[in-house]
$ cat protein.csv   # CSV, C-alpha atoms and all ligand atoms
chain,number,residue,atom,x,y,z
A,1,MET,CA,-109.5,74.0,-159.1
A,2,ARG,CA,-108.5,72.2,-162.3
A,3,TRP,CA,-110.2,69.1,-163.4
A,4,TYR,CA,-109.4,66.9,-166.4
A,5,LEU,CA,-111.3,63.9,-167.6
A,6,HIS,CA,-109.3,61.4,-169.7
A,7,VAL,CA,-111.7,59.4,-171.8
A,8,ASP,CA,-110.4,56.1,-173.3
A,9,MET,CA,-112.7,53.9,-175.3
A,10,ASP,CA,-112.7,50.2,-174.4
A,11,ALA,CA,-111.6,47.8,-177.2
A,12,PHE,CA,-112.6,50.6,-179.6
A,13,PHE,CA,-112.6,48.9,-183.0
A,14,VAL,CA,-114.3,45.8,-181.6
A,15,SER,CA,-116.9,48.0,-179.8
A,16,VAL,CA,-117.8,49.8,-183.0
A,17,GLU,CA,-118.3,46.5,-184.8
A,18,ARG,CA,-120.5,45.4,-182.0
A,19,ALA,CA,-122.5,48.6,-181.9
A,20,LEU,CA,-123.4,47.8,-185.6
A,21,ASP,CA,-123.9,44.1,-185.1
A,22,PRO,CA,-125.1,43.0,-181.7
A,23,VAL,CA,-124.5,39.3,-182.6
A,24,LEU,CA,-120.9,40.0,-181.8
A,25,ARG,CA,-121.6,40.8,-178.2
A,26,ASP,CA,-120.0,38.7,-175.4
A,27,LYS,CA,-118.0,36.8,-178.0
A,28,ALA,CA,-114.3,36.7,-178.6
A,29,VAL,CA,-113.9,39.2,-181.5
A,30,ILE,CA,-110.6,40.2,-183.1
A,31,VAL,CA,-110.3,43.1,-185.5
A,32,GLY,CA,-107.3,42.9,-187.9
A,33,GLY,CA,-105.1,39.9,-188.6
A,34,THR,CA,-107.4,38.6,-191.3
A,35,ARG,CA,-104.8,38.8,-194.0
A,36,ALA,CA,-101.6,36.7,-194.2
A,37,ARG,CA,-99.3,39.2,-192.7
A,38,GLY,CA,-101.9,41.3,-190.9
A,39,VAL,CA,-101.7,42.2,-187.2
A,40,VAL,CA,-104.5,42.5,-184.6
A,41,THR,CA,-105.7,46.1,-184.3
A,42,SER,CA,-108.2,45.4,-181.5
A,43,ALA,CA,-109.3,42.5,-179.4
A,44,SER,CA,-112.4,42.1,-177.2
A,45,TYR,CA,-111.8,41.3,-173.5
A,46,GLU,CA,-113.1,37.8,-174.2
A,47,ALA,CA,-110.2,37.3,-176.7
A,48,ARG,CA,-107.7,39.0,-174.4
A,49,LYS,CA,-108.3,36.3,-171.8
A,50,TYR,CA,-106.5,33.9,-174.2
A,51,GLY,CA,-103.5,36.2,-174.4
A,52,VAL,CA,-104.5,38.0,-177.6
A,53,CYS,CA,-103.5,41.7,-177.8
A,54,SER,CA,-103.2,44.4,-180.4
A,55,GLY,CA,-100.1,44.4,-182.5
A,56,MET,CA,-99.9,40.6,-182.4
A,57,PRO,CA,-99.6,38.8,-185.8
A,58,GLY,CA,-102.9,37.3,-187.0
A,59,TYR,CA,-101.6,33.7,-187.2
A,60,GLN,CA,-100.5,33.9,-183.5
A,61,ALA,CA,-103.9,35.2,-182.5
A,62,ARG,CA,-105.6,32.4,-184.4
A,63,ARG,CA,-103.5,29.8,-182.6
A,64,LEU,CA,-104.2,31.3,-179.2
A,65,CYS,CA,-107.9,31.8,-179.8
A,66,PRO,CA,-109.1,29.6,-182.7
A,67,ASN,CA,-112.8,30.2,-182.1
A,68,ALA,CA,-112.6,34.0,-182.2
A,69,ILE,CA,-114.5,35.9,-184.9
A,70,PHE,CA,-111.9,37.7,-187.1
A,71,LEU,CA,-113.0,40.9,-188.8
A,72,PRO,CA,-111.1,43.2,-191.2
A,73,THR,CA,-110.0,46.6,-189.9
A,74,ARG,CA,-112.4,49.4,-191.2
A,75,HIS,CA,-110.5,52.6,-190.5
A,76,ASP,CA,-113.0,55.0,-192.2
A,77,LEU,CA,-115.8,53.6,-190.1
A,78,TYR,CA,-113.8,54.0,-186.8
A,79,ARG,CA,-112.9,57.6,-187.8
A,80,GLU,CA,-116.6,58.4,-188.3
A,81,PHE,CA,-117.4,57.1,-184.8
A,82,SER,CA,-114.4,59.0,-183.4
A,83,ASP,CA,-115.9,62.2,-184.7
A,84,LYS,CA,-119.1,61.4,-183.0
A,85,ILE,CA,-117.3,60.7,-179.7
A,86,PHE,CA,-115.5,64.0,-179.8
A,87,ALA,CA,-118.7,65.9,-180.7
A,88,ILE,CA,-120.1,64.5,-177.4
A,89,LEU,CA,-117.0,65.5,-175.5
A,90,HIS,CA,-117.2,69.0,-176.9
A,91,ARG,CA,-120.7,69.5,-175.5
A,92,TYR,CA,-119.1,69.5,-172.1
A,93,SER,CA,-116.1,71.8,-172.6
A,94,PRO,CA,-114.7,74.1,-175.2
A,95,ILE,CA,-111.2,72.7,-174.5
A,96,VAL,CA,-110.9,69.0,-175.6
A,97,HIS,CA,-107.5,67.6,-176.6
A,98,LYS,CA,-107.7,64.7,-179.1
A,99,LEU,CA,-104.9,62.4,-178.1
A,100,SER,CA,-105.7,59.6,-180.5
A,101,ILE,CA,-108.6,58.2,-182.4
A,102,ASP,CA,-110.2,56.9,-179.2
A,103,GLU,CA,-108.7,58.9,-176.4
A,104,GLY,CA,-109.5,62.5,-175.4
A,105,LEU,CA,-108.7,64.8,-172.6
A,106,VAL,CA,-111.7,67.0,-171.5
A,107,ASP,CA,-110.8,70.2,-169.5
A,108,LEU,CA,-113.7,70.3,-167.1
A,109,THR,CA,-112.2,73.2,-165.1
A,110,GLY,CA,-114.8,75.9,-164.5
A,111,THR,CA,-117.7,73.9,-166.0
A,112,GLU,CA,-119.4,73.3,-162.6
A,113,ARG,CA,-122.0,76.0,-163.0
A,114,LEU,CA,-123.2,74.5,-166.3
A,115,TRP,CA,-122.8,70.8,-165.7
A,116,GLY,CA,-122.5,70.3,-162.0
A,117,LEU,CA,-119.6,68.7,-160.2
A,118,PRO,CA,-116.8,67.3,-162.4
A,119,LEU,CA,-117.4,63.8,-161.1
A,120,HIS,CA,-121.1,64.0,-162.0
A,121,SER,CA,-120.4,65.3,-165.5
A,122,SER,CA,-117.7,62.7,-166.0
A,123,GLN,CA,-120.3,60.0,-165.3
A,124,GLU,CA,-122.7,61.6,-167.6
A,125,ILE,CA,-120.2,61.8,-170.4
A,126,LEU,CA,-119.4,58.0,-170.2
A,127,LEU,CA,-123.1,57.2,-170.0
A,128,ARG,CA,-123.9,59.3,-173.0
A,129,LEU,CA,-121.2,57.6,-175.1
A,130,ARG,CA,-122.8,54.3,-174.2
A,131,ARG,CA,-126.4,55.4,-174.7
A,132,GLU,CA,-126.0,57.5,-177.9
A,133,LEU,CA,-123.3,55.5,-179.7
A,134,GLY,CA,-123.4,52.1,-178.0
A,135,LEU,CA,-119.8,52.4,-177.1
A,136,PRO,CA,-118.2,51.5,-173.7
A,137,ALA,CA,-115.5,53.9,-172.4
A,138,SER,CA,-113.4,54.3,-169.3
A,139,GLY,CA,-112.5,57.6,-167.6
A,140,GLY,CA,-110.0,59.1,-165.2
A,141,LEU,CA,-110.8,62.3,-163.4
A,142,SER,CA,-107.9,64.2,-161.8
A,143,GLY,CA,-106.5,67.7,-161.4
A,144,ASN,CA,-103.5,66.5,-163.4
A,145,PRO,CA,-103.9,65.3,-167.1
A,146,MET,CA,-101.2,62.7,-166.8
A,147,ILE,CA,-102.7,61.2,-163.7
A,148,ALA,CA,-106.1,61.2,-165.3
A,149,LYS,CA,-104.7,59.1,-168.1
A,150,VAL,CA,-103.0,56.6,-165.7
A,151,VAL,CA,-106.2,56.1,-163.7
A,152,ALA,CA,-108.4,55.8,-166.8
A,153,GLY,CA,-106.2,52.8,-167.7
A,154,LEU,CA,-106.7,51.4,-164.2
A,155,ALA,CA,-110.5,51.8,-164.5
A,156,LYS,CA,-110.8,49.6,-167.6
A,157,PRO,CA,-113.1,48.3,-168.7
A,158,SER,CA,-116.2,50.6,-168.4
A,159,GLY,CA,-115.0,52.2,-165.1
A,160,LEU,CA,-114.5,55.7,-163.9
A,161,ALA,CA,-111.6,56.5,-161.5
A,162,TYR,CA,-111.6,59.7,-159.5
A,163,VAL,CA,-108.5,61.2,-157.8
A,164,PRO,CA,-109.4,63.9,-155.3
A,165,HIS,CA,-107.0,66.8,-155.2
A,166,GLY,CA,-104.2,66.1,-152.7
A,167,SER,CA,-104.3,62.3,-153.0
A,168,GLU,CA,-102.3,62.0,-156.2
A,169,GLU,CA,-99.0,61.0,-154.6
A,170,ALA,CA,-100.6,58.3,-152.3
A,171,LEU,CA,-102.4,56.9,-155.3
A,172,LEU,CA,-99.4,56.8,-157.7
A,173,SER,CA,-96.7,55.7,-155.3
A,174,PRO,CA,-97.3,52.0,-155.2
A,175,LEU,CA,-97.7,51.6,-159.0
A,176,PRO,CA,-94.9,50.2,-161.1
A,177,VAL,CA,-92.9,52.7,-163.1
A,178,ALA,CA,-94.4,51.3,-166.4
A,179,ALA,CA,-97.8,52.7,-165.4
A,180,ILE,CA,-96.5,56.2,-166.4
A,181,PRO,CA,-97.5,57.0,-170.0
A,182,GLY,CA,-94.4,57.3,-172.1
A,183,ILE,CA,-92.3,54.8,-170.0
A,184,GLY,CA,-91.9,51.9,-172.4
A,185,PRO,CA,-89.9,48.7,-171.9
A,186,LYS,CA,-86.6,50.4,-172.6
A,187,SER,CA,-87.0,53.2,-170.1
A,188,GLU,CA,-88.5,50.8,-167.6
A,189,ASN,CA,-85.4,48.6,-167.8
A,190,MET,CA,-83.1,51.6,-167.4
A,191,LEU,CA,-85.1,52.7,-164.3
A,192,LEU,CA,-85.1,49.2,-162.9
A,193,GLN,CA,-81.3,49.0,-163.2
A,194,GLN,CA,-81.2,52.2,-161.1
A,195,GLY,CA,-83.3,50.5,-158.5
A,196,LEU,CA,-86.4,52.5,-159.3
A,197,ARG,CA,-89.3,50.1,-159.3
A,198,THR,CA,-92.3,52.1,-158.2
A,199,VAL,CA,-93.7,55.5,-159.1
A,200,GLY,CA,-93.0,56.4,-155.4
A,201,SER,CA,-89.3,55.9,-155.9
A,202,LEU,CA,-89.5,58.2,-159.0
A,203,LEU,CA,-91.3,60.8,-157.1
A,204,ARG,CA,-88.5,61.0,-154.5
A,205,ARG,CA,-86.4,62.5,-157.3
A,206,ASP,CA,-87.0,66.2,-157.9
A,207,ASP,CA,-86.9,66.1,-161.7
A,208,PHE,CA,-89.7,63.5,-161.9
A,209,ARG,CA,-91.6,65.2,-159.2
A,210,GLN,CA,-91.7,68.4,-161.1
A,211,ARG,CA,-92.8,66.7,-164.2
A,212,PHE,CA,-95.6,64.6,-162.7
A,213,LEU,CA,-97.0,66.6,-159.9
A,214,ARG,CA,-96.4,70.2,-161.0
A,215,PRO,CA,-99.8,70.9,-162.7
A,216,TYR,CA,-101.5,70.2,-159.5
A,217,ASP,CA,-99.0,72.2,-157.4
A,218,GLN,CA,-99.6,75.1,-159.8
A,219,ALA,CA,-103.3,75.1,-159.1
A,220,ARG,CA,-102.5,76.2,-155.5
A,221,GLU,CA,-100.4,79.1,-156.7
A,222,THR,CA,-102.0,82.5,-156.1
A,223,GLY,CA,-99.9,84.6,-158.5
A,224,ALA,CA,-102.8,85.3,-160.8
A,225,GLY,CA,-102.7,89.0,-161.7
A,226,ASP,CA,-105.7,91.3,-161.2
A,227,HIS,CA,-105.5,93.2,-164.4
A,228,SER,CA,-107.1,91.9,-167.5
A,229,ILE,CA,-107.0,92.6,-171.3
A,230,GLY,CA,-110.2,93.2,-173.2
A,231,ALA,CA,-111.7,94.5,-176.4
A,232,GLU,CA,-115.2,95.4,-177.4
A,233,THR,CA,-117.0,96.8,-180.3
A,234,THR,CA,-120.4,98.5,-180.8
A,235,LEU,CA,-121.7,97.1,-184.0
A,236,GLU,CA,-122.7,99.4,-186.9
A,237,VAL,CA,-125.7,97.3,-187.5
A,238,SER,CA,-127.2,95.1,-184.8
A,239,LEU,CA,-126.8,91.4,-185.5
A,240,SER,CA,-129.0,88.4,-184.9
A,241,ASP,CA,-127.2,85.7,-186.7
A,242,LEU,CA,-124.6,83.6,-184.9
A,243,SER,CA,-122.0,83.3,-187.7
A,244,SER,CA,-121.7,87.1,-188.1
A,245,MET,CA,-121.3,87.4,-184.3
A,246,GLU,CA,-118.6,84.7,-184.3
A,247,ARG,CA,-116.7,86.6,-186.9
A,248,VAL,CA,-116.8,89.7,-184.7
A,249,LEU,CA,-115.6,87.6,-181.7
A,250,GLY,CA,-112.8,86.3,-184.0
A,251,ALA,CA,-111.6,89.8,-184.7
A,252,LEU,CA,-111.7,90.8,-181.0
A,253,VAL,CA,-109.8,87.7,-180.0
A,254,GLU,CA,-107.1,88.3,-182.6
A,255,GLU,CA,-106.5,91.7,-181.0
A,256,ILE,CA,-106.4,90.3,-177.5
A,257,GLY,CA,-104.2,87.3,-178.4
A,258,GLY,CA,-101.7,89.7,-179.9
A,259,ARG,CA,-101.6,91.8,-176.7
A,260,LEU,CA,-101.2,88.7,-174.5
A,261,ARG,CA,-98.2,87.6,-176.6
A,262,ASP,CA,-96.8,91.1,-176.6
A,263,GLU,CA,-96.9,91.3,-172.8
A,264,GLY,CA,-95.7,87.7,-172.5
A,265,VAL,CA,-98.6,86.6,-170.4
A,266,ARG,CA,-101.3,83.9,-170.7
A,267,ALA,CA,-104.9,84.0,-169.5
A,268,CYS,CA,-107.0,81.5,-167.5
A,269,ARG,CA,-110.3,83.2,-167.5
A,270,ILE,CA,-112.2,84.2,-170.6
A,271,THR,CA,-115.2,86.5,-170.4
A,272,ILE,CA,-117.6,87.6,-173.1
A,273,LYS,CA,-120.0,90.6,-173.0
A,274,ILE,CA,-123.2,90.7,-174.9
A,275,ARG,CA,-125.3,93.8,-175.1
A,276,TYR,CA,-128.7,93.5,-176.7
A,277,ASP,CA,-130.7,96.1,-178.6
A,278,ASP,CA,-132.7,96.8,-175.4
A,279,PHE,CA,-129.4,97.6,-173.7
A,280,LYS,CA,-129.7,94.6,-171.4
A,281,THR,CA,-126.1,93.4,-170.9
A,282,VAL,CA,-124.8,90.1,-169.8
A,283,THR,CA,-121.3,88.9,-169.1
A,284,ARG,CA,-120.3,85.3,-168.9
A,285,SER,CA,-116.9,83.8,-167.9
A,286,HIS,CA,-115.2,80.5,-168.2
A,287,THR,CA,-111.9,79.4,-166.6
A,288,ILE,CA,-109.6,76.9,-168.4
A,289,GLY,CA,-107.1,74.6,-166.9
A,290,VAL,CA,-104.0,75.5,-168.8
A,291,PRO,CA,-103.4,79.3,-169.3
A,292,THR,CA,-103.3,80.3,-173.0
A,293,CYS,CA,-102.3,83.1,-175.3
A,294,PHE,CA,-103.5,81.4,-178.4
A,295,ASP,CA,-106.3,83.0,-180.5
A,296,ARG,CA,-107.6,79.6,-181.4
A,297,GLU,CA,-108.1,78.4,-177.8
A,298,ILE,CA,-109.5,81.7,-176.6
A,299,LEU,CA,-111.9,81.9,-179.5
A,300,ALA,CA,-113.1,78.3,-178.9
A,301,VAL,CA,-114.1,79.4,-175.3
A,302,ALA,CA,-115.6,82.7,-176.5
A,303,ARG,CA,-117.7,81.0,-179.1
A,304,TRP,CA,-118.8,78.3,-176.7
A,305,LEU,CA,-119.9,81.0,-174.2
A,306,LEU,CA,-121.8,82.8,-176.9
A,307,ARG,CA,-123.7,79.8,-178.1
A,308,LYS,CA,-124.6,78.8,-174.5
A,309,ASN,CA,-125.8,82.2,-173.5
A,310,LEU,CA,-127.2,84.0,-176.5
A,311,VAL,CA,-131.0,84.6,-176.3
A,312,SER,CA,-132.1,83.6,-179.8
A,313,GLY,CA,-134.1,86.1,-181.8
A,314,LYS,CA,-132.8,89.1,-179.8
A,315,LYS,CA,-130.6,91.5,-181.7
A,316,VAL,CA,-127.1,92.3,-180.4
A,317,ARG,CA,-125.6,95.7,-180.5
A,318,LEU,CA,-122.3,95.2,-178.7
A,319,LEU,CA,-119.9,92.3,-178.3
A,320,GLY,CA,-116.8,92.2,-176.1
A,321,VAL,CA,-114.2,89.7,-175.0
A,322,ASN,CA,-112.0,90.1,-171.9
A,323,VAL,CA,-109.3,87.8,-170.6
A,324,GLY,CA,-108.1,87.7,-167.0
A,325,GLY,CA,-106.3,85.4,-164.5
A,326,LEU,CA,-103.1,86.4,-166.2
A,327,ARG,CA,-99.9,84.6,-165.6
A,328,ALA,CA,-96.4,85.1,-166.8
A,329,SER,CA,-95.2,82.8,-169.5
A,330,GLY,CA,-92.8,80.0,-168.6
A,331,TRP,CA,-95.5,77.9,-166.9
A,332,GLN,CA,-95.1,74.2,-166.9
A,333,GLU,CA,-96.7,72.5,-169.9
A,334,SER,CA,-98.7,69.4,-169.6
A,335,LEU,CA,-97.0,66.4,-171.0
A,336,PHE,CA,-99.5,65.8,-173.8
A,337,ASN,CA,-99.7,68.9,-175.9
A,338,PHE,CA,-96.3,70.3,-175.5
A,339,SER,CA,-95.1,69.9,-179.0
A,340,ARG,CA,-98.4,70.9,-180.6
A,341,ARG,CA,-98.6,74.1,-178.6
A,342,HIS,CA,-94.9,74.8,-179.2
A,343,ALA,CA,-95.7,74.7,-183.0
A,344,TRP,CA,-98.6,77.2,-182.4
A,345,GLU,CA,-96.3,79.5,-180.5
A,346,ASN,CA,-94.0,79.7,-183.5
A,347,LEU,CA,-96.9,80.2,-185.8
A,348,TYR,CA,-98.4,83.0,-183.8
A,349,ARG,CA,-95.0,84.7,-183.3
A,350,SER,CA,-94.6,84.9,-187.1
A,351,ILE,CA,-98.2,86.2,-187.5
A,352,ASP,CA,-97.5,88.9,-184.9
A,353,CYS,CA,-94.4,89.9,-186.8
A,354,ILE,CA,-96.3,90.2,-190.1
A,355,ARG,CA,-99.1,92.2,-188.4
A,356,GLN,CA,-96.6,94.6,-186.9
A,357,ARG,CA,-95.0,95.2,-190.2
A,358,TYR,CA,-98.0,95.3,-192.6
A,359,GLY,CA,-101.0,96.1,-190.4
A,360,ASP,CA,-103.5,94.1,-188.4
A,361,HIS,CA,-105.7,93.0,-191.3
A,362,THR,CA,-103.1,91.4,-193.5
A,363,ILE,CA,-103.3,88.0,-191.9
A,364,ALA,CA,-105.7,85.9,-190.0
A,365,ILE,CA,-105.8,82.2,-189.0
A,366,ALA,CA,-108.3,80.5,-191.3
A,367,SER,CA,-110.1,78.6,-188.5
A,368,SER,CA,-110.8,81.8,-186.6
A,369,ARG,CA,-112.7,83.1,-189.6
A,370,ALA,CA,-114.4,79.8,-190.5
A,371,LYS,CA,-117.9,79.0,-189.3
A,372,GLU,CA,-117.0,75.6,-188.0
A,373,GLU,CA,-113.6,74.2,-187.0
B,1,MG,MG,-108.8,52.7,-176.0
$ encode --input "protein.csv" --output "structure tokens"
Amino acid sequence: MRWYLHVDMDAFFVSVERALDPVLRDKAVIVGGTRARGVVTSASYEARKYGVCSGMPGYQARRLCPNAIFLPTRHDLYREFSDKIFAILHRYSPIVHKLSIDEGLVDLTGTERLWGLPLHSSQEILLRLRRELGLPASGGLSGNPMIAKVVAGLAKPSGLAYVPHGSEEALLSPLPVAAIPGIGPKSENMLLQQGLRTVGSLLRRDDFRQRFLRPYDQARETGAGDHSIGAETTLEVSLSDLSSMERVLGALVEEIGGRLRDEGVRACRITIKIRYDDFKTVTRSHTIGVPTCFDREILAVARWLLRKNLVSGKKVRLLGVNVGGLRASGWQESLFNFSRRHAWENLYRSIDCIRQRYGDHTIAIASSRAKEE
């Protein structure tokens, strides 16, 4: 079963300022709009009560809420905190999509064995953000990334909304169409003119239904093939350092990624095999929510599995990677990362062409060779 946690920080810029200066707590705080033509970039909930919102000109915010504390926008600082947030999210899953400076989608599919039930790990993630960084966040947990985002918005501030599989439609139906991410005032008007007021009325139309509910429907499909694609190598010299092992994984993943793309299939399950010098062998698997054929995504999971399972100090004599749960391409893409993945697809297609023409070792993606991404 797929699980996505959408994490959205509450009044992010204001919260960062508050984490550094507790005097600002519980007060109306507005970031941005300090200069003559500046606009509000973030407003605390106390200031929002007066009608202040981000994007509003500073002078207007000052008129609505004259007692607010105005602070200049410090983008470098917020970026630093953003990196810390995503470092925490990455502890829980190898697949984290950064949607903006303060919004991320964590693919919790298949993490139960490590972190417990997705609802439990979601709570823990939000708590950790608050404890370690002093930042409040809201979360939405669902089998569908778009719905996870919608309910994270409903859970604000500092809440966690959970949508059990099968209850998506009932939950979405009464909401106004504007609740759907990507439906701005223009599209909203157009839909209203067609008499479409609620998400329920949208879902009665097949094209929308496909778009919004498909990722969940797909989870019930049982078309996953039995066969798998793998590569392994016995090392000339046994290794004990992680970075050399990761380079070996990188090479194995490049081979596998090429074969996946060749066959026009994508994989949901990634397995690594580690054989130690004493011939003790372990295999560990992880299942991801959206099937992939991209080296970068497969390698992220393989490295994560290696780091989690490697017995430190023991020498390794063989490493292997295997991918299974194969599906034909042409699967429905989630709304969020379509264009990004499309760009990768083109990139990998050209890499495969070059490799076919000039040999496997002529080209490699820099990040698959690098120690850290
Ligand atoms: Mg936010």
$ residues_near_ligand --input "protein.csv" --ligand "ligand MG 1 (chain B)" --cutoff "6 Å" --atoms "only C-alpha atoms and all ligand atoms" --output "number ranges by chain"
A: 8-12, 102
$ residues_around --input "protein.csv" --residues "A:Asp241" --least-positions-apart "4" --cutoff "12 Å" --atoms "only C-alpha atoms" --output "list in words"
Val237, Met245, Glu246, Arg247, Val248, Leu306, Arg307, Leu310, Val311, Ser312, Gly313, Lys314, Lys315, Val316, Arg317 and Lys371 of chain A
$ closest_residue --input "protein.csv" --among "A:Met190, A:Ala68, A:Ala161, A:Ala170" --to "A:Leu203" --atoms "all atoms listed in the file"
A:Ala170
$ atom_distance --input "protein.csv" --atom1 "atom CA of A:Gln123" --atom2 "atom CA of A:Ile101"
20.8 Å
$ closest_atom_pairs --input "protein.csv" --of "stretch 230-322 of chain A" --to "stretch 106-114 of chain A" --cutoff "10 Å" --atoms "all atoms listed in the file" --output "CSV"
residue,atom,partner,partner_atom,distance
A:Arg269,CA,A:Gly110,CA,9.1
A:Ser285,CA,A:Gly110,CA,8.9
A:His286,CA,A:Gly110,CA,5.9
A:Thr287,CA,A:Gly110,CA,5.0
A:Ile288,CA,A:Thr109,CA,5.6
A:Gly289,CA,A:Thr109,CA,5.6
A:Val290,CA,A:Asp107,CA,8.6
A:Lys308,CA,A:Leu114,CA,9.4
$ closest_residue --input "protein.csv" --among "A:Thr234, A:Ser167, A:Thr73, A:Ser244" --to "A:Arg35" --atoms "only C-alpha atoms"
A:Thr73
$ residues_around --input "protein.csv" --residues "stretch 143-154 of chain A" --least-positions-apart "2" --cutoff "6 Å" --atoms "all atoms listed in the file" --output "list of chain:residue names"
A:Arg2, A:Trp3, A:Tyr4, A:His6, A:Ser138, A:Gly139, A:Gly140, A:Leu141, A:Lys156, A:Ala161, A:Pro215, A:Tyr216
$ atom_distance --input "protein.csv" --atom1 "atom CA of A:Asp76" --atom2 "atom CA of A:Val16"
11.6 Å
$ closest_residue --input "protein.csv" --among "A:Gly134, A:Pro164, A:Pro181, A:Gly159" --to "A:Leu20" --atoms "all atoms listed in the file"
A:Gly134
$ closest_residue --input "protein.csv" --among "A:Pro72, A:Tyr50, A:Leu326, A:Val7" --to "A:Gly104" --atoms "all atoms listed in the file"
A:Val7
$ closest_residue --input "protein.csv" --among "A:Asn322, A:Gln60, A:Ser201, A:Ser121" --to "A:Ser228" --atoms "all atoms listed in the file"
A:Asn322
$ atom_distance --input "protein.csv" --atom1 "atom CA of A:Gly320" --atom2 "atom CA of A:Ala267"
15.9 Å
$ residues_around --input "protein.csv" --residues "A:Arg63" --least-positions-apart "2" --cutoff "12 Å" --atoms "all atoms listed in the file" --output "number ranges by chain"
A: 33, 47, 50-52, 56-61, 65-68
$ closest_residue --input "protein.csv" --among "A:His75, A:Arg25, A:Arg18, A:Lys280" --to "A:Thr41" --atoms "all atoms listed in the file"
A:His75
$ build_atoms --input "protein.csv" --residues "stretch 168-173 of chain A" --atoms "all heavy atoms" --output "mmCIF file, in the coordinates of the input"
data_model
loop_
_atom_site.group_PDB
_atom_site.id
_atom_site.type_symbol
_atom_site.label_atom_id
_atom_site.label_comp_id
_atom_site.auth_asym_id
_atom_site.auth_seq_id
_atom_site.Cartn_x
_atom_site.Cartn_y
_atom_site.Cartn_z
ATOM 1 N N GLU A 168 -103.000 62.534 -155.036
ATOM 2 C CA GLU A 168 -102.300 62.000 -156.200
ATOM 3 C C GLU A 168 -101.099 61.163 -155.835
ATOM 4 O O GLU A 168 -100.905 60.065 -156.366
ATOM 5 C CB GLU A 168 -101.781 63.204 -157.078
ATOM 6 C CG GLU A 168 -102.854 64.002 -157.781
ATOM 7 C CD GLU A 168 -103.467 65.059 -156.891
ATOM 8 O OE1 GLU A 168 -103.121 65.134 -155.690
ATOM 9 O OE2 GLU A 168 -104.325 65.821 -157.386
ATOM 10 N N GLU A 169 -100.296 61.676 -154.898
ATOM 11 C CA GLU A 169 -99.000 61.000 -154.600
ATOM 12 C C GLU A 169 -99.308 59.626 -153.965
ATOM 13 O O GLU A 169 -98.686 58.632 -154.332
ATOM 14 C CB GLU A 169 -98.209 61.860 -153.658
ATOM 15 C CG GLU A 169 -96.775 61.432 -153.638
ATOM 16 C CD GLU A 169 -95.886 62.431 -152.914
ATOM 17 O OE1 GLU A 169 -96.333 63.570 -152.633
ATOM 18 O OE2 GLU A 169 -94.741 62.049 -152.640
ATOM 19 N N ALA A 170 -100.259 59.603 -153.030
ATOM 20 C CA ALA A 170 -100.600 58.300 -152.300
ATOM 21 C C ALA A 170 -101.080 57.307 -153.342
ATOM 22 O O ALA A 170 -100.779 56.120 -153.240
ATOM 23 C CB ALA A 170 -101.638 58.600 -151.285
ATOM 24 N N LEU A 171 -101.825 57.785 -154.332
ATOM 25 C CA LEU A 171 -102.400 56.900 -155.300
ATOM 26 C C LEU A 171 -101.323 56.325 -156.264
ATOM 27 O O LEU A 171 -101.282 55.144 -156.590
ATOM 28 C CB LEU A 171 -103.480 57.565 -156.101
ATOM 29 C CG LEU A 171 -104.115 56.662 -157.150
ATOM 30 C CD1 LEU A 171 -105.597 56.592 -156.909
ATOM 31 C CD2 LEU A 171 -103.824 57.121 -158.546
ATOM 32 N N LEU A 172 -100.431 57.218 -156.688
ATOM 33 C CA LEU A 172 -99.400 56.800 -157.700
ATOM 34 C C LEU A 172 -98.308 55.982 -157.116
ATOM 35 O O LEU A 172 -97.785 55.093 -157.773
ATOM 36 C CB LEU A 172 -98.812 58.075 -158.324
ATOM 37 C CG LEU A 172 -99.656 58.884 -159.306
ATOM 38 C CD1 LEU A 172 -98.857 60.084 -159.788
ATOM 39 C CD2 LEU A 172 -100.050 58.031 -160.502
ATOM 40 N N SER A 173 -97.920 56.290 -155.874
ATOM 41 C CA SER A 173 -96.700 55.700 -155.300
ATOM 42 C C SER A 173 -96.520 54.217 -155.452
ATOM 43 O O SER A 173 -95.460 53.751 -155.845
ATOM 44 C CB SER A 173 -96.520 56.170 -153.870
ATOM 45 O OG SER A 173 -96.247 57.545 -153.860
#
